[in-house]
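Presented below is the structure to which this report refers.
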Amino acid sequence: MSDIIAARDEGEVADAVRTALSAGKTLEIRGHGSKRAVGRPSQTDLTLDLSALTGVTLYEPEELVLSARAATPRADIENMLAASGQMLAFEPMDPAPLLGSSAESGKTSGTLGGLFAVNLSGPRRISHGAVRDHALGIKAVSGRGEPFKSGGRVVKNVTGYDLPRLMAGAFGTLCVATEITLKVLPRPPMEETLVARVASPEAAAAALSAAMGSSCEVSGAAFLPEGVAGRLPGLGGSPAVVALRLEGVAPSVTARRTMLRAVLAPFGAADVLETDASRALWLAVRDVAPFCGLGERAVWRLSTAPMAGPALATRLAADLGGEAYCDWAGGLIWLCLPGESAHGDEVRAGLAPHGGHATLIRATAAERARTAVFQPLDGALAALTKRVKESFDPGLVLNPGRIHAGM
Amino acid sequence: MTGTAPGLRMPDADARVLARRSDIIADLKAIVPGEGVIAHEREMRPYESDALTAYRQLPLVVVLPSTTAQVAAVLKYCHDNEIRVVPRGAGTSLSGGALPLEDAVLLGLGKFNRIIEIDTPNRCAVVQPGVTNLGISKAVDHLGFYYAPDPSSQIACTIGGNVAENSGGVHCLKYGLTTNNVLGAELVLITGEIVRLGGKHLDAGGLDLLSVVIGSEGLLGVVTEVTVRLLKKPDTARAVLVGFPTSEDAGECVAKIIAAGIIPAGIEMMDKDAIAAAEAFVNVGYPLDVEALLIVELDGPEAECAHLLEEVTRIAQGCNSTTLRVSTSEAERLGFWAGRKAAFPAVGRLSPDYLCMDGTIPRRQLPFVLARMRELGAKYGLRCANVFHAGDGNLHPLILYDANAPGELHAAESFGADILRLCVEVGGVLTGEHGVGVEKRDLMDTMFNEVDLAQQQRMKCAFDDKSLLNPGKVFPTLHRCAEFGRMHVSGGALPFPDLPRF
């Protein structure tokens, strides 16, 4: 366990980074630690504990904007939004159940900074965008120990480079975020999910594409093969299905249900899950419930062209003896392997013809040290990525090696 | 002609480059043969400015490559020989983003005008950067799809320019800006290296460099291919036109619509001067006895539009609306928009010249900002009409002036700068969708301090180590990248001196 520096405000964060930089030490940036097991295993000298940087600093529901300090618990933010009928529309995944990290310090849901740093968006990614699409502004401390800001609190803003979006998904390797401003949206008053059987992965891709290519405004679209479907709420004992979510005001959902049934008719009849059952299903899809509680069996997350997803998921699962399902209309594959071995070469070779990226989300530390956790980059892009890292953090102080070795 | 406009300082021309002009032209002709290199003054004239016509400058030479390999070779040549490069799409920038430099190659992407692939099963299209914004939507219209961002210049502006500026439009409240609708790009670096960012999949597998390339105003690289997200066209779209006795009432109405959980496809506001100008120009039946006019558009399934129109009507009536018309036909809806979309040329008829500003403010600050703008107008002795993307707080004050009247251009620019400072003061930003370019460059320090700007410029250096791409834009001062390399750690005064591992 490395020594811990606890910072209470931006000034102390800057002090800590400058101190580490001048002493040639590296820092692990940590909020609740609920996502520590994602990424390449950390070998830092010190831990910078941000957990005291809490509090919502601005929330104006009519302006659809919220700012909070980096370690504000995600649950606090979601509760505050819910009280005003709003939400984080990107439906951020809570990886703690999958990683088995929920017991740590009793802090189960992680922080705003954590969900921002990993950019793991949920089912609504396909209709409402990712974490990065809702990032409006950031206050942060660079690897030089200098506090800086970028972006603002308004949605339309092209003043300078869009650094807040770059920081989303950077895993704390570029700067230490101290305050984040997000766009928030109204929470739909109701939802339903249509569930239709599909005969094959190809039929699933076609059904998902037909639904997404209709004007039904689908906000969740998953392919759930037999076996996986059976372990999801509301689908007990089900064969392979596609699930499609409709959200909105009641007259709209009712009208779109009729439209969507017609779109799905060529594939078969569809059952309806009402609001509560629908919510339970998509929460389970979001947090990868079928693969939780399976020890450290390797779990991959692949993003690819949506039409390629169902067949690729099925083939990888069959070839490697694991299980898989698709979210994001087929474009997001969750793949659980039968053991701790990650089989990185096979997974990436399978993905390559279709394009996209594969990230090893759950694996033992040894396996994450052996396998490239994030998609390897080719020459020019690898060099550019490293230069960008160094432009923020020239001393490689912040979470070094978390994404790629040597940066 | 040399020089731009009085008052705008651009980076000093590199005399060594100017002296080698004929050699450079010959070298570039070897890379881009045929008519791809334009060096004659008369033929370069159309490239001397973009849509910010107050500033003009002939470039060193115009190069119009037609392949990615040519772009890469031109950029590598310029990098090797330390020659500046200004990329250009259709030249519709309102902020001078494509303003040439005397010693820079103007790299026009107009020949990259092909749609490479339409992939509706994956709901995307792969296009070259010179394809127009509207050209994408037209190419997929028969399939029932469209590309959502719709800047007013969409008939002429290109997707490459949209990527450079992160362009918006009247529907971005619901559908987002360019950055939310672009999935991937091929980018040529100043070294000639080619990188691919994103693709048909979502999100990045590592650092999301596409995020900073979009909106980078041609300072980070040259985009040679773009993958855009396509959306299914909504079944119906209906609009409601509402007049209010005060802008406060109109602002209140917008806030209440959003507080009711409704995100319309677009909400536009016009003030009395803009309403009068638009109505005189297109004669679509705008009420002339109101202080503020809202156009609220709802789209989606018929049942949803009907339901939400009732809600919006009820809210508007509770906010003292004096007139209210719901579109009953597509022709009527388009009529509502015709006035708004013609607002710039309509205001242009009132005055020999006008400046279009582009700040964004937190919406609730609108009444305060409008009142202050009236005071500023009185101070400068200039009129100002306002159109406003009310849903997302993006203001377009149109300052009327006469360039032939002594001192009026200067007064208009000062008035504009004061408006933008006011936007920042109330928590907003200098530019919502037109870009910083040269126009707002010298105001950047009202929003950012030295450290903020230095961090942005350091990141630019990661892409462009010799500061050759579009210099003189966005940042008020031009630094060599080496100047940013210095560390400022004050030894001897380290915090946490007691930590045992030190």
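How things are named: the first chain in the structure tokens is A, the next is B, and so on; residues count from 1 in each chain; ligands count from 1 in the order shown.
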
With only C-alpha atoms counted and 6 Å as the cut-off, give the residues of chain B in contact with chain A, each with its shortest interatomic distance in Å and the pair that gives it, as a tab-separated table.
residue	atom	partner	partner_atom	distance
B:Pro121	CA	A:Ser209	CA	5.6
B:Asn122	CA	A:Pro306	CA	5.9
B:Val195	CA	A:Leu381	CA	5.8
B:Lys200	CA	A:Ala305	CA	5.1
B:His201	CA	A:Thr304	CA	4.5
B:Gly205	CA	A:His357	CA	5.3
B:Leu207	CA	A:Ala170	CA	5.5
B:Asp208	CA	A:Leu166	CA	5.3
B:Ser211	CA	A:Leu166	CA	5.7
B:Val212	CA	A:Asp162	CA	5.2
B:Ser216	CA	A:Tyr161	CA	5.7
B:Lys232	CA	A:Ser215	CA	5.9
B:Pro234	CA	A:Ser215	CA	5.8
B:Ala255	CA	A:Glu62	CA	5.4
B:Ile258	CA	A:Glu62	CA	5.9
B:Ala259	CA	A:Glu62	CA	5.0
B:Gly261	CA	A:Pro186	CA	4.9
B:Ala303	CA	A:Ser252	CA	5.7
B:Glu304	CA	A:Ser252	CA	4.5
B:Thr431	CA	A:Thr159	CA	5.6
B:Gly432	CA	A:Asn157	CA	4.2
B:Glu433	CA	A:Val158	CA	5.8
B:Gly435	CA	A:Val158	CA	5.7
B:Asp452	CA	A:Phe148	CA	4.9
B:Arg458	CA	A:Ser391	CA	5.3
B:Met459	CA	A:Ser391	CA	5.3
B:Ala462	CA	A:Arg387	CA	5.0
B:Leu494	CA	A:Thr19	CA	5.8
B:Pro495	CA	A:Asp15	CA	6.0

Test item, helix (DSSP H, G or I) assignment across stretch 114-179 of chain B, answer as a ChimeraX atom specification = /B:133-143,159-165,172-175,178-179

message = So that I can see what lies close to stretch 410-426 of chain B, please list as a PyMOL selection string the residues with an atom at most 10 Å from it, counting only C-alpha atoms and leaving out residues fewer than 6 positions away in the same chain.
response = (chain A and resi 152) or (chain B and resi 6-7+353-362+364-366+368-370+372-373+376-377+379-384+394-395+397-403+439-440+442-444+446-447)

Serialized selection, N, CA and C atoms, as a compact mmCIF listing (two decimals), in the first residue's frame:
# COMPACT_ATOMS: atom_id res chain seq x y z
N GLY A 152 -17.10 25.37 -20.03
CA GLY A 152 -17.91 26.31 -19.29
C GLY A 152 -19.12 25.62 -18.71
N PRO B 6 -7.14 47.30 -40.41
CA PRO B 6 -6.44 48.02 -39.34
C PRO B 6 -6.84 47.44 -37.99
N GLY B 7 -5.90 47.29 -37.11
CA GLY B 7 -6.24 46.82 -35.76
C GLY B 7 -6.01 45.34 -35.56
N ASP B 353 -24.04 47.59 -43.47
CA ASP B 353 -23.19 46.52 -42.95
C ASP B 353 -23.71 46.07 -41.59
N TYR B 354 -23.39 44.84 -41.23
CA TYR B 354 -23.68 44.41 -39.87
C TYR B 354 -22.64 43.42 -39.40
N LEU B 355 -22.48 43.35 -38.09
CA LEU B 355 -21.59 42.37 -37.47
C LEU B 355 -22.46 41.37 -36.74
N CYS B 356 -22.19 40.08 -36.93
CA CYS B 356 -22.97 39.06 -36.25
C CYS B 356 -22.16 38.51 -35.08
N MET B 357 -22.67 38.69 -33.87
CA MET B 357 -21.96 38.19 -32.69
C MET B 357 -22.50 36.80 -32.33
N ASP B 358 -21.84 36.13 -31.40
CA ASP B 358 -22.15 34.71 -31.18
C ASP B 358 -21.84 34.27 -29.75
N GLY B 359 -22.23 35.02 -28.75
CA GLY B 359 -21.95 34.58 -27.38
C GLY B 359 -23.00 33.60 -26.88
N THR B 360 -22.66 32.86 -25.84
CA THR B 360 -23.67 32.02 -25.18
C THR B 360 -23.74 32.45 -23.71
N ILE B 361 -24.96 32.48 -23.19
CA ILE B 361 -25.16 32.86 -21.79
C ILE B 361 -26.05 31.83 -21.11
N PRO B 362 -25.97 31.75 -19.77
CA PRO B 362 -26.99 30.98 -19.06
C PRO B 362 -28.35 31.65 -19.37
N ARG B 364 -31.20 32.19 -18.11
CA ARG B 364 -31.96 33.09 -17.23
C ARG B 364 -31.35 34.49 -17.17
N GLN B 365 -30.16 34.64 -17.70
CA GLN B 365 -29.54 35.97 -17.72
C GLN B 365 -30.02 36.81 -18.89
N LEU B 366 -30.91 36.27 -19.71
CA LEU B 366 -31.30 36.96 -20.94
C LEU B 366 -31.87 38.37 -20.71
N PHE B 368 -31.42 40.51 -18.35
CA PHE B 368 -30.33 41.39 -17.91
C PHE B 368 -29.41 41.73 -19.09
N VAL B 369 -29.06 40.71 -19.87
CA VAL B 369 -28.14 40.92 -20.98
C VAL B 369 -28.79 41.80 -22.06
N LEU B 370 -30.07 41.58 -22.34
CA LEU B 370 -30.75 42.41 -23.34
C LEU B 370 -30.79 43.87 -22.88
N ARG B 372 -28.72 45.40 -20.83
CA ARG B 372 -27.36 45.97 -20.92
C ARG B 372 -26.98 46.24 -22.37
N MET B 373 -27.42 45.37 -23.28
CA MET B 373 -27.10 45.60 -24.69
C MET B 373 -27.77 46.87 -25.20
N LEU B 376 -25.64 49.66 -24.08
CA LEU B 376 -24.41 49.73 -24.88
C LEU B 376 -24.70 50.32 -26.26
N GLY B 377 -25.85 49.94 -26.83
CA GLY B 377 -26.23 50.47 -28.14
C GLY B 377 -26.34 51.99 -28.09
N LYS B 379 -24.83 53.91 -25.96
CA LYS B 379 -23.49 54.46 -25.76
C LYS B 379 -22.73 54.59 -27.09
N TYR B 380 -22.82 53.55 -27.91
CA TYR B 380 -22.07 53.57 -29.18
C TYR B 380 -22.85 54.21 -30.32
N GLY B 381 -24.14 54.53 -30.08
CA GLY B 381 -24.94 55.14 -31.12
C GLY B 381 -25.22 54.20 -32.28
N LEU B 382 -25.34 52.88 -31.96
CA LEU B 382 -25.58 51.88 -33.01
C LEU B 382 -26.79 51.02 -32.64
N ARG B 383 -27.52 50.58 -33.67
CA ARG B 383 -28.66 49.69 -33.42
C ARG B 383 -28.19 48.24 -33.40
N CYS B 384 -28.99 47.43 -32.73
CA CYS B 384 -28.63 46.02 -32.60
C CYS B 384 -29.92 45.20 -32.59
N ASN B 394 -27.70 30.57 -26.83
CA ASN B 394 -26.74 31.10 -27.81
C ASN B 394 -27.32 32.35 -28.48
N LEU B 395 -26.70 33.50 -28.20
CA LEU B 395 -27.17 34.80 -28.70
C LEU B 395 -26.52 35.15 -30.03
N PRO B 397 -26.53 38.67 -31.51
CA PRO B 397 -26.82 40.09 -31.72
C PRO B 397 -26.24 40.52 -33.08
N LEU B 398 -27.04 41.26 -33.84
CA LEU B 398 -26.59 41.76 -35.14
C LEU B 398 -26.42 43.27 -35.00
N ILE B 399 -25.18 43.71 -35.04
CA ILE B 399 -24.88 45.14 -34.83
C ILE B 399 -24.88 45.82 -36.20
N LEU B 400 -25.72 46.84 -36.34
CA LEU B 400 -25.85 47.53 -37.63
C LEU B 400 -24.89 48.71 -37.68
N TYR B 401 -24.16 48.81 -38.79
CA TYR B 401 -23.24 49.94 -38.94
C TYR B 401 -23.01 50.21 -40.41
N ASP B 402 -22.32 51.29 -40.69
CA ASP B 402 -21.99 51.67 -42.06
C ASP B 402 -20.48 51.81 -42.16
N ALA B 403 -19.86 50.90 -42.88
CA ALA B 403 -18.40 50.89 -42.95
C ALA B 403 -17.85 52.17 -43.59
N GLU B 439 -11.49 36.74 -35.04
CA GLU B 439 -12.46 37.73 -34.57
C GLU B 439 -12.47 37.87 -33.06
N LYS B 440 -12.45 36.74 -32.35
CA LYS B 440 -12.53 36.79 -30.89
C LYS B 440 -11.22 36.43 -30.21
N ASP B 442 -8.49 38.02 -29.57
CA ASP B 442 -7.90 38.91 -28.57
C ASP B 442 -8.78 39.08 -27.33
N LEU B 443 -9.95 38.40 -27.34
CA LEU B 443 -10.80 38.42 -26.13
C LEU B 443 -10.64 37.15 -25.30
N MET B 444 -9.82 36.22 -25.77
CA MET B 444 -9.70 34.94 -25.07
C MET B 444 -9.31 35.12 -23.60
N THR B 446 -10.41 37.20 -21.58
CA THR B 446 -11.51 37.53 -20.68
C THR B 446 -12.11 36.25 -20.09
N MET B 447 -11.89 35.12 -20.77
CA MET B 447 -12.45 33.86 -20.30
C MET B 447 -11.41 32.95 -19.64

request  = Identify which of the residues B:Ser66, B:Thr92, B:Thr323, B:Thr246 lies closest to B:Leu107, counting only C-alpha atoms when measuring atom-to-atom distances.
outcome  = B:Ser66

Selection near B:Thr236, 8 Å with only C-alpha atoms, sequence-local residues under 4 positions removed, as an MDAnalysis selection string = chainID B and resid 299:302 305

task = Determine which residues of stretch 84-274 of chain A DSSP labels as strand (DSSP E) from the backbone of this structure, then write them out as a PyMOL selection string.
result = chain A and resi 86-87+135-142+147-151+175-183+185-186+190-197+218-224+241-248+270-273

Atoms kept (N, CA and C atoms) for selection, written as a short mmCIF file (atom, residue, chain, number, x, y, z; two decimals), in the first residue's frame:
data_model
loop_
_atom_site.label_atom_id
_atom_site.label_comp_id
_atom_site.auth_asym_id
_atom_site.auth_seq_id
_atom_site.Cartn_x
_atom_site.Cartn_y
_atom_site.Cartn_z
N GLN A 86 -34.95 14.81 -13.05
CA GLN A 86 -33.89 14.79 -14.06
C GLN A 86 -32.95 13.61 -13.86
N MET A 87 -31.98 13.50 -14.76
CA MET A 87 -31.08 12.34 -14.72
C MET A 87 -29.77 12.64 -15.45
N ALA A 135 -20.25 16.33 -21.08
CA ALA A 135 -19.22 17.08 -20.35
C ALA A 135 -19.17 18.50 -20.88
N LEU A 136 -19.43 19.48 -20.02
CA LEU A 136 -19.43 20.87 -20.46
C LEU A 136 -18.21 21.64 -19.99
N GLY A 137 -17.76 21.36 -18.80
CA GLY A 137 -16.66 22.13 -18.27
C GLY A 137 -15.89 21.35 -17.23
N ILE A 138 -14.65 21.77 -17.02
CA ILE A 138 -13.82 21.08 -16.04
C ILE A 138 -12.88 22.06 -15.37
N LYS A 139 -12.67 21.85 -14.07
CA LYS A 139 -11.56 22.48 -13.37
C LYS A 139 -10.63 21.34 -12.99
N ALA A 140 -9.36 21.54 -13.20
CA ALA A 140 -8.44 20.43 -13.01
C ALA A 140 -7.06 20.94 -12.67
N VAL A 141 -6.21 20.02 -12.24
CA VAL A 141 -4.81 20.32 -11.98
C VAL A 141 -4.00 19.44 -12.92
N SER A 142 -3.13 20.07 -13.68
CA SER A 142 -2.34 19.33 -14.65
C SER A 142 -1.21 18.58 -13.95
N PRO A 147 -3.35 24.50 -11.61
CA PRO A 147 -4.81 24.47 -11.78
C PRO A 147 -5.19 25.18 -13.08
N PHE A 148 -6.08 24.58 -13.83
CA PHE A 148 -6.58 25.23 -15.05
C PHE A 148 -8.04 24.86 -15.23
N LYS A 149 -8.70 25.60 -16.13
CA LYS A 149 -10.09 25.30 -16.43
C LYS A 149 -10.26 25.22 -17.94
N SER A 150 -11.32 24.56 -18.36
CA SER A 150 -11.65 24.51 -19.78
C SER A 150 -13.13 24.29 -19.91
N GLY A 151 -13.71 24.77 -21.03
CA GLY A 151 -15.15 24.64 -21.23
C GLY A 151 -15.88 25.67 -20.41
N CYS A 175 -4.87 14.81 -16.14
CA CYS A 175 -4.97 15.84 -15.11
C CYS A 175 -5.80 15.26 -13.97
N VAL A 176 -5.80 15.97 -12.86
CA VAL A 176 -6.66 15.59 -11.75
C VAL A 176 -7.87 16.51 -11.80
N ALA A 177 -9.02 15.98 -12.15
CA ALA A 177 -10.23 16.80 -12.19
C ALA A 177 -10.61 17.15 -10.76
N THR A 178 -10.90 18.42 -10.53
CA THR A 178 -11.36 18.80 -9.19
C THR A 178 -12.83 19.19 -9.18
N GLU A 179 -13.33 19.68 -10.32
CA GLU A 179 -14.75 20.01 -10.43
C GLU A 179 -15.20 19.78 -11.86
N ILE A 180 -16.38 19.20 -12.01
CA ILE A 180 -16.87 18.81 -13.33
C ILE A 180 -18.26 19.39 -13.53
N THR A 181 -18.50 19.94 -14.73
CA THR A 181 -19.82 20.46 -15.06
C THR A 181 -20.43 19.62 -16.17
N LEU A 182 -21.65 19.15 -15.91
CA LEU A 182 -22.32 18.25 -16.86
C LEU A 182 -23.66 18.82 -17.29
N LYS A 183 -24.03 18.46 -18.50
CA LYS A 183 -25.40 18.69 -18.96
C LYS A 183 -26.27 17.58 -18.37
N LEU A 185 -30.51 16.06 -18.07
CA LEU A 185 -31.73 16.06 -18.89
C LEU A 185 -32.94 15.58 -18.08
N PRO A 186 -34.13 15.94 -18.57
CA PRO A 186 -35.34 15.45 -17.89
C PRO A 186 -35.41 13.93 -17.95
N MET A 190 -42.14 7.65 -18.22
CA MET A 190 -42.42 6.21 -18.25
C MET A 190 -41.56 5.50 -19.29
N GLU A 191 -41.48 4.20 -19.17
CA GLU A 191 -40.76 3.40 -20.16
C GLU A 191 -41.39 2.04 -20.30
N GLU A 192 -41.13 1.43 -21.41
CA GLU A 192 -41.55 0.04 -21.66
C GLU A 192 -40.46 -0.63 -22.47
N THR A 193 -40.43 -1.95 -22.40
CA THR A 193 -39.48 -2.68 -23.24
C THR A 193 -40.22 -3.76 -24.01
N LEU A 194 -39.97 -3.81 -25.30
CA LEU A 194 -40.50 -4.89 -26.12
C LEU A 194 -39.42 -5.96 -26.25
N VAL A 195 -39.82 -7.20 -26.03
CA VAL A 195 -38.89 -8.32 -26.10
C VAL A 195 -39.36 -9.28 -27.19
N ALA A 196 -38.48 -9.51 -28.17
CA ALA A 196 -38.87 -10.39 -29.28
C ALA A 196 -37.84 -11.50 -29.45
N ARG A 197 -38.31 -12.71 -29.67
CA ARG A 197 -37.40 -13.83 -29.92
C ARG A 197 -36.70 -13.66 -31.26
N VAL A 218 -35.86 4.49 -30.15
CA VAL A 218 -35.49 3.45 -29.19
C VAL A 218 -34.31 3.94 -28.35
N SER A 219 -34.39 3.76 -27.03
CA SER A 219 -33.33 4.27 -26.15
C SER A 219 -32.57 3.16 -25.43
N GLY A 220 -32.81 1.94 -25.84
CA GLY A 220 -32.05 0.81 -25.32
C GLY A 220 -32.28 -0.33 -26.30
N ALA A 221 -31.22 -1.00 -26.73
CA ALA A 221 -31.38 -2.04 -27.74
C ALA A 221 -30.34 -3.11 -27.50
N ALA A 222 -30.77 -4.27 -27.03
CA ALA A 222 -29.82 -5.31 -26.64
C ALA A 222 -30.14 -6.64 -27.33
N PHE A 223 -29.08 -7.40 -27.57
CA PHE A 223 -29.22 -8.79 -28.04
C PHE A 223 -28.80 -9.68 -26.88
N LEU A 224 -29.73 -10.50 -26.42
CA LEU A 224 -29.50 -11.33 -25.24
C LEU A 224 -29.67 -12.79 -25.61
N VAL A 241 -33.21 -13.38 -27.39
CA VAL A 241 -34.16 -12.30 -27.68
C VAL A 241 -33.42 -11.01 -28.02
N VAL A 242 -34.15 -10.10 -28.63
CA VAL A 242 -33.73 -8.70 -28.63
C VAL A 242 -34.67 -7.95 -27.71
N ALA A 243 -34.14 -6.97 -26.99
CA ALA A 243 -34.94 -6.14 -26.10
C ALA A 243 -34.80 -4.70 -26.55
N LEU A 244 -35.92 -4.00 -26.64
CA LEU A 244 -35.92 -2.63 -27.16
C LEU A 244 -36.72 -1.74 -26.23
N ARG A 245 -36.09 -0.67 -25.78
CA ARG A 245 -36.72 0.20 -24.79
C ARG A 245 -37.31 1.45 -25.43
N LEU A 246 -38.50 1.81 -24.98
CA LEU A 246 -39.15 3.06 -25.39
C LEU A 246 -39.35 3.89 -24.14
N GLU A 247 -38.96 5.18 -24.19
CA GLU A 247 -39.15 6.06 -23.04
C GLU A 247 -39.84 7.34 -23.50
N GLY A 248 -40.55 7.97 -22.59
CA GLY A 248 -41.16 9.25 -22.92
C GLY A 248 -42.48 9.46 -22.22
N ALA A 270 -43.82 -9.82 -30.09
CA ALA A 270 -43.05 -9.21 -29.01
C ALA A 270 -43.88 -9.12 -27.74
N ASP A 271 -43.23 -9.44 -26.61
CA ASP A 271 -43.85 -9.25 -25.30
C ASP A 271 -43.46 -7.87 -24.77
N VAL A 272 -44.27 -7.37 -23.83
CA VAL A 272 -44.00 -6.04 -23.27
C VAL A 272 -43.61 -6.16 -21.80
N LEU A 273 -42.52 -5.49 -21.42
CA LEU A 273 -42.19 -5.31 -20.00
C LEU A 273 -42.62 -3.91 -19.60
#

task = Would you kindly return, as a list in words, each protein, DNA or RNA residue with an atom no farther than 10 Å from any atom of A:Arg315, considering only C-alpha atoms and excluding same-chain residues fewer than 6 positions away?
result =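 Result of the neighbour search: Pro201, Gly309, Gly321, Gly322, Glu323, Ala324 and Gly350 of chain A.
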
task = Point out the residue among A:Val263, A:Ala70, A:Ile29, A:Leu98 with the least atom-to-atom distance to A:Thr57, counting only C-alpha atoms.
result =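 Result for the nearest residue to A:Thr57: A:Ala70.
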
ask   = So which residues touch stretch 387-390 of chain B within 7 Å, counting only C-alpha atoms, skipping near sequence neighbours fewer than 4 positions away, as a list in words?
value =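 The residues that qualify are Val170, Ile267, Glu268, Met269, Met270, Asp271, Ala274, Asn394, Leu395, His396 and Pro397 of chain B.
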
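Take the candidates B:Ala185, B:Ala343, B:Val126, B:Ala164 and check each one against B:Leu219 using only C-alpha atoms; the shortest distance goes to B:Ala164.
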
message = What's around A:Gly110 at 12 Å? Count only C-alpha atoms, leave out sequence neighbours fewer than 5 positions away in its own chain, and write the answer as a count of residues only.
response = 34

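If you measure from each of B:Leu143, B:Ile257, B:Ala265, B:Val228 to B:Tyr175 using only C-alpha atoms, the closest one turns out to be B:Ala265.
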
task = Could you please determine the separation between atom CA of B:Glu450 and atom CA of B:Ala98 in Å, to one decimal place?
result =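 Rounded to one decimal, the two atoms are 25.3 Å apart.
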
query = Please, what distance in Å, to one decimal, runs between atom CA of B:Ala26 and atom CA of B:Asp464?
reply =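 Interatomic distance, atom CA of B:Ala26 to atom CA of B:Asp464: 24.8 Å.
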